[in-house]
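**Student:** Input structure: upload11.pdb, which contains PDB, C-alpha atoms and all ligand atoms.
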```pdb
ATOM      1  CA  MET D  28     -18.473   3.042   3.028
ATOM      2  CA  ASN D  29     -18.170   2.548   6.748
ATOM      3  CA  THR D  30     -18.408   5.703   8.877
ATOM      4  CA  GLU D  31     -16.589   4.137  11.787
ATOM      5  CA  GLN D  32     -13.605   3.042   9.672
ATOM      6  CA  ILE D  33     -13.265   6.504   8.149
ATOM      7  CA  SER D  34     -13.573   8.216  11.530
ATOM      8  CA  ASN D  35     -10.956   5.858  12.933
ATOM      9  CA  LEU D  36      -8.554   6.618  10.090
ATOM     10  CA  ILE D  37      -9.002  10.354  10.635
ATOM     11  CA  ALA D  38      -8.198   9.970  14.328
ATOM     12  CA  HIS D  39      -5.300   7.589  13.547
ATOM     13  CA  ARG D  40      -3.539  10.079  11.218
ATOM     14  CA  ARG D  41      -0.443  11.390  12.977
ATOM     15  CA  SER D  42       2.480  13.646  12.300
ATOM     16  CA  ILE D  43       5.624  11.510  12.389
ATOM     17  CA  LYS D  44       8.778  13.517  12.971
ATOM     18  CA  PRO D  45      11.489  13.154  10.297
ATOM     19  CA  ALA D  46      13.920  11.939  12.999
ATOM     20  CA  LEU D  47      11.642   8.894  13.444
ATOM     21  CA  MET D  48      11.697   8.060   9.731
ATOM     22  CA  ASP D  49      13.798   5.583   7.807
ATOM     23  CA  SER D  50      15.617   7.817   5.340
ATOM     24  CA  VAL D  51      16.276   5.104   2.754
ATOM     25  CA  LYS D  52      13.484   2.499   2.795
ATOM     26  CA  PRO D  53      11.911   3.020  -0.613
ATOM     27  CA  ILE D  54       8.433   4.268  -1.336
ATOM     28  CA  SER D  55       7.057   2.512  -4.391
ATOM     29  CA  ARG D  56       5.939   4.435  -7.467
ATOM     30  CA  GLU D  57       2.480   2.844  -7.005
ATOM     31  CA  LEU D  58       2.190   4.225  -3.482
ATOM     32  CA  TRP D  59       3.292   7.691  -4.636
ATOM     33  CA  GLN D  60       0.601   7.555  -7.279
ATOM     34  CA  THR D  61      -2.005   6.476  -4.711
ATOM     35  CA  LEU D  62      -1.034   9.406  -2.484
ATOM     36  CA  PHE D  63      -1.239  11.966  -5.267
ATOM     37  CA  GLU D  64      -4.512  10.525  -6.594
ATOM     38  CA  ALA D  65      -5.976  11.034  -3.105
ATOM     39  CA  ALA D  66      -4.644  14.601  -3.043
ATOM     40  CA  ASN D  67      -6.122  15.208  -6.467
ATOM     41  CA  TRP D  68      -9.647  14.486  -5.198
ATOM     42  CA  ALA D  69      -9.567  17.484  -2.863
ATOM     43  CA  PRO D  70     -12.455  19.913  -3.079
ATOM     44  CA  ASN D  71     -11.577  23.109  -4.932
ATOM     45  CA  HIS D  72     -13.669  26.096  -5.912
ATOM     46  CA  GLY D  73     -14.014  26.498  -9.676
ATOM     47  CA  LEU D  74     -12.117  23.251 -10.323
ATOM     48  CA  THR D  75      -8.843  25.163 -10.489
ATOM     49  CA  GLU D  76      -6.962  22.180  -8.926
ATOM     50  CA  PRO D  77      -4.303  24.539  -7.531
ATOM     51  CA  TRP D  78      -2.101  21.923  -5.797
ATOM     52  CA  ARG D  79       1.379  21.222  -7.091
ATOM     53  CA  PHE D  80       3.831  18.861  -5.402
ATOM     54  CA  LEU D  81       7.589  19.060  -5.945
ATOM     55  CA  VAL D  82       9.120  15.796  -4.760
ATOM     56  CA  TYR D  83      12.766  15.734  -3.686
ATOM     57  CA  SER D  84      14.218  12.280  -3.008
ATOM     58  CA  GLY D  85      17.758  10.905  -2.785
ATOM     59  CA  GLU D  86      20.356  13.429  -3.899
ATOM     60  CA  SER D  87      17.807  16.089  -4.808
ATOM     61  CA  ARG D  88      17.012  16.526  -1.103
ATOM     62  CA  ALA D  89      20.217  18.572  -1.056
ATOM     63  CA  SER D  90      18.557  21.320  -3.070
ATOM     64  CA  ILE D  91      15.896  21.695  -0.356
ATOM     65  CA  ALA D  92      18.571  21.825   2.344
ATOM     66  CA  THR D  93      20.462  24.461   0.376
ATOM     67  CA  ALA D  94      17.296  26.455  -0.324
ATOM     68  CA  LEU D  95      16.300  26.438   3.363
ATOM     69  CA  GLN D  96      19.739  27.556   4.467
ATOM     70  CA  ALA D  97      19.983  30.256   1.794
ATOM     71  CA  ALA D  98      16.538  31.615   2.674
ATOM     72  CA  TYR D  99      17.360  31.578   6.382
ATOM     73  CA  THR D 100      20.620  33.441   5.786
ATOM     74  CA  SER D 101      19.100  36.075   3.544
ATOM     75  CA  GLU D 102      15.935  36.662   5.591
ATOM     76  CA  THR D 103      17.320  36.613   9.137
ATOM     77  CA  ALA D 104      18.791  39.678  10.794
ATOM     78  CA  ALA D 105      22.397  39.107  11.889
ATOM     79  CA  GLU D 106      21.541  39.439  15.596
ATOM     80  CA  GLU D 107      18.794  36.791  15.292
ATOM     81  CA  PHE D 108      20.810  34.296  13.256
ATOM     82  CA  ARG D 109      21.171  30.970  15.110
ATOM     83  CA  PRO D 110      23.911  28.708  13.756
ATOM     84  CA  GLU D 111      22.259  25.575  15.224
ATOM     85  CA  LYS D 112      19.035  26.356  13.334
ATOM     86  CA  PHE D 113      21.023  26.841  10.128
ATOM     87  CA  GLU D 114      22.737  23.472  10.694
ATOM     88  CA  LYS D 115      19.398  21.710  11.271
ATOM     89  CA  MET D 116      18.005  23.110   8.036
ATOM     90  CA  GLY D 117      20.930  21.529   6.231
ATOM     91  CA  LYS D 118      20.375  18.134   7.837
ATOM     92  CA  ASN D 119      16.589  17.731   8.210
ATOM     93  CA  PRO D 120      15.784  16.971   4.559
ATOM     94  CA  PHE D 121      18.077  13.934   4.706
ATOM     95  CA  LEU D 122      16.203  12.406   7.659
ATOM     96  CA  ALA D 123      13.185  11.582   5.501
ATOM     97  CA  ASN D 124      12.964   9.460   2.372
ATOM     98  CA  SER D 125      11.533  12.438   0.517
ATOM     99  CA  VAL D 126      10.631  16.052   1.006
ATOM    100  CA  VAL D 127       7.635  17.393  -0.868
ATOM    101  CA  ALA D 128       7.307  21.134  -1.392
ATOM    102  CA  LEU D 129       3.642  22.154  -1.213
ATOM    103  CA  VAL D 130       2.779  24.681  -3.855
ATOM    104  CA  VAL D 131      -0.318  26.726  -4.604
ATOM    105  CA  LYS D 132      -0.537  27.319  -8.335
ATOM    106  CA  ARG D 133      -2.514  30.471  -8.950
ATOM    107  CA  ASP D 134      -5.170  30.187 -11.622
ATOM    108  CA  PRO D 135      -4.256  32.645 -14.435
ATOM    109  CA  LYS D 136      -7.885  33.771 -14.679
ATOM    110  CA  ARG D 137      -8.006  34.473 -10.911
ATOM    111  CA  LYS D 138     -11.402  32.767 -10.810
ATOM    112  CA  VAL D 139     -11.393  32.485  -7.001
ATOM    113  CA  PRO D 140      -9.717  34.365  -4.148
ATOM    114  CA  GLU D 141      -6.235  33.240  -3.190
ATOM    115  CA  VAL D 142      -7.393  32.099   0.240
ATOM    116  CA  GLU D 143      -9.637  29.501  -1.402
ATOM    117  CA  GLU D 144      -6.729  28.139  -3.428
ATOM    118  CA  ILE D 145      -4.713  27.817  -0.213
ATOM    119  CA  GLU D 146      -7.630  26.069   1.482
ATOM    120  CA  ALA D 147      -7.923  23.632  -1.423
ATOM    121  CA  VAL D 148      -4.218  22.759  -1.219
ATOM    122  CA  ALA D 149      -4.552  22.160   2.526
ATOM    123  CA  CYS D 150      -7.463  19.788   1.783
ATOM    124  CA  ALA D 151      -5.273  17.985  -0.756
ATOM    125  CA  VAL D 152      -2.525  17.605   1.827
ATOM    126  CA  GLN D 153      -4.981  16.173   4.335
ATOM    127  CA  ASN D 154      -6.221  13.635   1.754
ATOM    128  CA  LEU D 155      -2.652  12.590   1.055
ATOM    129  CA  HIS D 156      -1.813  12.410   4.751
ATOM    130  CA  LEU D 157      -4.840  10.221   5.507
ATOM    131  CA  VAL D 158      -4.004   7.712   2.795
ATOM    132  CA  ALA D 159      -0.339   7.706   3.852
ATOM    133  CA  SER D 160      -1.433   6.979   7.427
ATOM    134  CA  ALA D 161      -3.609   4.102   6.223
ATOM    135  CA  ALA D 162      -0.506   2.698   4.492
ATOM    136  CA  GLY D 163       1.588   3.147   7.651
ATOM    137  CA  LEU D 164       3.727   5.813   5.999
ATOM    138  CA  GLY D 165       4.991   8.724   8.091
ATOM    139  CA  VAL D 166       4.237  12.316   7.093
ATOM    140  CA  PHE D 167       5.236  15.563   8.740
ATOM    141  CA  TRP D 168       4.139  19.043   7.629
ATOM    142  CA  SER D 169       6.900  21.520   8.391
ATOM    143  CA  SER D 170       6.489  25.225   7.807
ATOM    144  CA  PRO D 171       9.425  27.243   9.084
ATOM    145  CA  ALA D 172       8.874  30.936   8.306
ATOM    146  CA  VAL D 173      11.415  30.896   5.475
ATOM    147  CA  THR D 174       9.320  28.423   3.474
ATOM    148  CA  TYR D 175       6.744  31.197   2.984
ATOM    149  CA  GLY D 176       9.313  33.774   1.911
ATOM    150  CA  PRO D 177      10.545  35.045  -1.463
ATOM    151  CA  SER D 178      13.995  33.445  -1.371
ATOM    152  CA  PHE D 179      12.631  29.922  -0.936
ATOM    153  CA  ALA D 180       9.983  30.477  -3.637
ATOM    154  CA  GLN D 181      12.736  31.585  -5.991
ATOM    155  CA  SER D 182      14.816  28.481  -5.217
ATOM    156  CA  LEU D 183      11.788  26.348  -6.081
ATOM    157  CA  GLU D 184      11.473  28.362  -9.305
ATOM    158  CA  LEU D 185       7.872  29.248  -8.542
ATOM    159  CA  ASP D 186       6.018  31.711 -10.710
ATOM    160  CA  GLU D 187       5.548  35.141  -9.132
ATOM    161  CA  ALA D 188       1.913  34.561  -8.088
ATOM    162  CA  ASP D 189       2.462  31.069  -6.698
ATOM    163  CA  LYS D 190       3.059  30.223  -3.061
ATOM    164  CA  CYS D 191       4.841  27.589  -1.056
ATOM    165  CA  LEU D 192       2.894  26.314   1.966
ATOM    166  CA  GLY D 193       5.821  24.485   3.534
ATOM    167  CA  LEU D 194       7.304  21.028   3.245
ATOM    168  CA  LEU D 195       5.995  17.519   3.765
ATOM    169  CA  TYR D 196       8.598  15.107   5.063
ATOM    170  CA  ILE D 197       7.644  11.580   4.021
ATOM    171  CA  GLY D 198       9.148   8.243   5.009
ATOM    172  CA  TRP D 199       8.434   4.900   6.603
ATOM    173  CA  PRO D 200       8.704   4.964  10.393
ATOM    174  CA  LYS D 201      11.978   3.364  11.550
ATOM    175  CA  ASP D 202      11.798  -0.326  12.449
ATOM    176  CA  GLY D 203      10.201  -0.755  15.872
ATOM    177  CA  GLN D 204       9.011   2.848  15.944
ATOM    178  CA  GLU D 205       5.614   3.087  17.607
ATOM    179  CA  TRP D 206       2.860   5.126  15.978
ATOM    180  CA  PRO D 207       2.701   8.346  18.042
ATOM    181  CA  VAL D 208      -0.303   9.318  20.117
ATOM    182  CA  SER D 209      -1.865  12.764  20.139
ATOM    183  CA  LYS D 210      -4.802  14.416  21.780
ATOM    184  CA  ARG D 211      -7.498  16.948  21.130
ATOM    185  CA  THR D 212      -9.753  18.904  23.424
ATOM    186  CA  ASP D 213     -13.508  18.342  23.371
ATOM    187  CA  ALA D 214     -14.857  18.609  19.814
ATOM    188  CA  MET D 215     -18.296  19.768  20.856
ATOM    189  CA  ALA D 216     -16.872  22.638  22.917
ATOM    190  CA  LYS D 217     -15.992  24.279  19.588
ATOM    191  CA  VAL D 218     -19.499  23.919  18.168
ATOM    192  CA  SER D 219     -22.624  25.974  18.683
ATOM    193  CA  PHE D 220     -25.918  24.873  17.189
ATOM    194  CA  LYS D 221     -27.820  28.114  16.569
TER
HETATM  195  C1  LIG B   1      -0.264  24.002   8.080
HETATM  196  C2  LIG B   1       0.526  23.205   9.081
HETATM  197  C3  LIG B   1       1.835  23.549   9.341
HETATM  198  C4  LIG B   1       2.577  22.839  10.291
HETATM  199  N1  LIG B   1       3.873  23.217  10.545
HETATM  200  C5  LIG B   1       4.561  22.608  11.526
HETATM  201  C6  LIG B   1       5.876  23.025  11.853
HETATM  202  O1  LIG B   1       6.442  23.935  11.240
HETATM  203  N2  LIG B   1       6.498  22.406  12.872
HETATM  204  C7  LIG B   1       5.904  21.401  13.576
HETATM  205  O2  LIG B   1       6.487  20.906  14.535
HETATM  206  N3  LIG B   1       4.684  20.925  13.234
HETATM  207  C8  LIG B   1       4.000  21.514  12.238
HETATM  208  N4  LIG B   1       2.751  21.046  11.894
HETATM  209  C9  LIG B   1       2.250  19.763  12.459
HETATM  210  C10 LIG B   1       1.595  19.941  13.796
HETATM  211  O3  LIG B   1       2.583  20.142  14.772
HETATM  212  C11 LIG B   1       0.785  18.678  14.132
HETATM  213  O4  LIG B   1      -0.255  18.531  13.215
HETATM  214  C12 LIG B   1       0.202  18.772  15.535
HETATM  215  O5  LIG B   1       1.229  18.650  16.466
HETATM  216  C13 LIG B   1      -0.833  17.703  15.828
HETATM  217  O6  LIG B   1      -0.262  16.411  15.679
HETATM  218  P1  LIG B   1      -0.931  15.335  14.720
HETATM  219  O7  LIG B   1      -0.774  15.851  13.314
HETATM  220  O8  LIG B   1      -0.139  14.075  14.949
HETATM  221  O9  LIG B   1      -2.356  15.191  15.106
HETATM  222  C14 LIG B   1       1.993  21.737  10.978
HETATM  223  C15 LIG B   1       0.658  21.391  10.681
HETATM  224  C16 LIG B   1      -0.061  22.111   9.758
HETATM  225  C17 LIG B   1      -1.496  21.731   9.467
END
```
Render the structure in this file as structure tokens.

**Tutor:**
Amino acid sequence: MNTEQISNLIAHRRSIKPALMDSVKPISRELWQTLFEAANWAPNHGLTEPWRFLVYSGESRASIATALQAAYTSETAAEEFRPEKFEKMGKNPFLANSVVALVVKRDPKRKVPEVEEIEAVACAVQNLHLVASAAGLGVFWSSPAVTYGPSFAQSLELDEADKCLGLLYIGWPKDGQEWPVSKRTDAMAKVSFK
């Protein structure tokens, strides 16, 4: 394994906004499998493998749009309700080829603290995102407040103890769309060798 290639891939991984995605260009079953195999290799304490992925493509994206709007309506005070935000929630899921709900499945034996299960799912998402980036596939992690709330969890039919960590929008970048650039501040400024 080549350290430089891996480091380059990590730096190359970008969030691609759903508006920059082709909403119809298909994602092959083989590529989906490759993505979820990568996710499945995430580290996890106690081998609980707490990640679950609910994939909404085509017509089923409507159920995510409806769930977002319903959660926003029920969890927003009338004076804070913004009709344009509500509208966007209804449209966003259709911008991407697919929307993947990120779920933490709680181990029935409660072998490890919940925070570790959440961390493991985040690692799984990063694995998936890296492999998607290597394939040129766009991914965007979106976590509006309602995706963490009870109404959305109910729409996803999650068990009581389980949690949604937001949505991954997935799709090929539109034709001619350049891969975005990003930046980070100095890595070593966040490190202290003691
Ligand atoms: C847990 C998590 C939740 C995120 N939620 C949102 C979000 O709700 N809205 C958003 O614009 N970006 C969200 N992002 C993506 C970040 O905006 C993005 O990673 C950041 O801008 C850096 O860009 P890059 O991923 O291309 O390096 C989220 C990222 C993570 C890890």

**Student:** Any chance you could resolve the PyMOL selection byres (((not hetatm)) within 7 of (chain B and resi 1)) against this file and give the residues as a ChimeraX atom specification?

**Tutor:** /D:40-43,167-171,209

**Student:** If you apply the PyMOL selection byres (((chain D and resi 123) around 8) and not hetatm) to this file, what residues do you get, as a ChimeraX atom specification?

**Tutor:** /D:45-46,48-51,119-122,124-126,196-198

**Student:** Can you tell me how far CA of His156 in chain D sits from CA of Met28 in chain D, in Å to one decimal?

**Tutor:**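 Interatomic distance, CA of His156 in chain D to CA of Met28 in chain D: 19.2 Å.
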
**Student:** What is the CA of Ala159 in chain D-CA of Phe80 in chain D distance in Å, reported with one decimal?

**Tutor:**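 Distance reported for this atom pair: 15.1 Å.
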
**Student:** Record the distance separating CA of Lys52 in chain D and CA of Ser90 in chain D, expressed in Å with one decimal.

**Tutor:** 20.4 Å

**Student:** How would you write, as a tab-separated table (two decimals) with C-alpha atoms, in the frame of the given file, the residues chosen by the PyMOL selection byres (((chain D and resi 176-193) around 8) and not hetatm) on this structure?

**Tutor:**
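Final output, part.tsv:
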```
chain	number	residue	atom	x	y	z
D	94	ALA	CA	17.30	26.46	-0.32
D	95	LEU	CA	16.30	26.44	3.36
D	97	ALA	CA	19.98	30.26	1.79
D	98	ALA	CA	16.54	31.62	2.67
D	101	SER	CA	19.10	36.08	3.54
D	102	GLU	CA	15.94	36.66	5.59
D	128	ALA	CA	7.31	21.13	-1.39
D	129	LEU	CA	3.64	22.15	-1.21
D	130	VAL	CA	2.78	24.68	-3.86
D	131	VAL	CA	-0.32	26.73	-4.60
D	132	LYS	CA	-0.54	27.32	-8.34
D	133	ARG	CA	-2.51	30.47	-8.95
D	168	TRP	CA	4.14	19.04	7.63
D	169	SER	CA	6.90	21.52	8.39
D	170	SER	CA	6.49	25.22	7.81
D	171	PRO	CA	9.43	27.24	9.08
D	172	ALA	CA	8.87	30.94	8.31
D	173	VAL	CA	11.42	30.90	5.48
D	174	THR	CA	9.32	28.42	3.47
D	175	TYR	CA	6.74	31.20	2.98
D	194	LEU	CA	7.30	21.03	3.24
D	195	LEU	CA	6.00	17.52	3.76
```

**Student:** Could you give me the centre and size, in Å to one decimal, of an axis-aligned box around all listed atoms of range 200-205 of chain D with 5 Å added on every side, as lines of an AutoDock Vina configuration file?

**Tutor:**
```
center_x = 8.8
center_y = 2.1
center_z = 14.0
size_x = 16.4
size_y = 15.7
size_z = 17.2
```

**Student:** Write out as JSON lines the residues of range 102-185 of chain D that have any atom within 7 Å of an atom of range 61-77 of chain D, one row each with the nearest atom pair and its distance in Å to one decimal, counting all atoms listed in the file, sorted by chain and then rising number.

**Tutor:**
```
{"residue": "D:Val131", "atom": "CA", "partner": "D:Pro77", "partner_atom": "CA", "distance": 5.4}
{"residue": "D:Lys132", "atom": "CA", "partner": "D:Pro77", "partner_atom": "CA", "distance": 4.7}
{"residue": "D:Arg133", "atom": "CA", "partner": "D:Pro77", "partner_atom": "CA", "distance": 6.4}
{"residue": "D:Asp134", "atom": "CA", "partner": "D:Thr75", "partner_atom": "CA", "distance": 6.3}
{"residue": "D:Lys138", "atom": "CA", "partner": "D:Gly73", "partner_atom": "CA", "distance": 6.9}
{"residue": "D:Val139", "atom": "CA", "partner": "D:His72", "partner_atom": "CA", "distance": 6.9}
{"residue": "D:Glu143", "atom": "CA", "partner": "D:His72", "partner_atom": "CA", "distance": 6.9}
{"residue": "D:Glu144", "atom": "CA", "partner": "D:Pro77", "partner_atom": "CA", "distance": 6.0}
{"residue": "D:Ala147", "atom": "CA", "partner": "D:Asn71", "partner_atom": "CA", "distance": 5.1}
{"residue": "D:Val148", "atom": "CA", "partner": "D:Pro77", "partner_atom": "CA", "distance": 6.6}
{"residue": "D:Cys150", "atom": "CA", "partner": "D:Ala69", "partner_atom": "CA", "distance": 5.6}
{"residue": "D:Ala151", "atom": "CA", "partner": "D:Ala66", "partner_atom": "CA", "distance": 4.1}
{"residue": "D:Val152", "atom": "CA", "partner": "D:Ala66", "partner_atom": "CA", "distance": 6.1}
{"residue": "D:Asn154", "atom": "CA", "partner": "D:Ala66", "partner_atom": "CA", "distance": 5.1}
{"residue": "D:Leu155", "atom": "CA", "partner": "D:Ala66", "partner_atom": "CA", "distance": 5.0}
{"residue": "D:Val158", "atom": "CA", "partner": "D:Leu62", "partner_atom": "CA", "distance": 6.3}
{"residue": "D:Ala159", "atom": "CA", "partner": "D:Leu62", "partner_atom": "CA", "distance": 6.6}
```

**Student:** Given the choices D:Ser84, D:Gln204, D:Ser34, D:Asn29, which gets closest to Ile54 in chain D if the distance is worked out from only C-alpha atoms?

**Tutor:**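 For Ile54 in chain D, the nearest of the candidates is D:Ser84.
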
**Student:** Looking at only C-alpha atoms, which of D:Val127, D:Met116, D:Val166, D:Met215 is the one that sits closest to Trp199 in chain D?

**Tutor:**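 Using only C-alpha atoms, Trp199 in chain D sits closest to D:Val166.
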
**Student:** For Trp206 in chain D, which residue out of D:Pro110, D:Glu31, D:Leu47, D:Tyr99 is the nearest one, using only C-alpha atoms?

**Tutor:**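 Checking each candidate against Trp206 in chain D, we get D:Leu47 as the closest.
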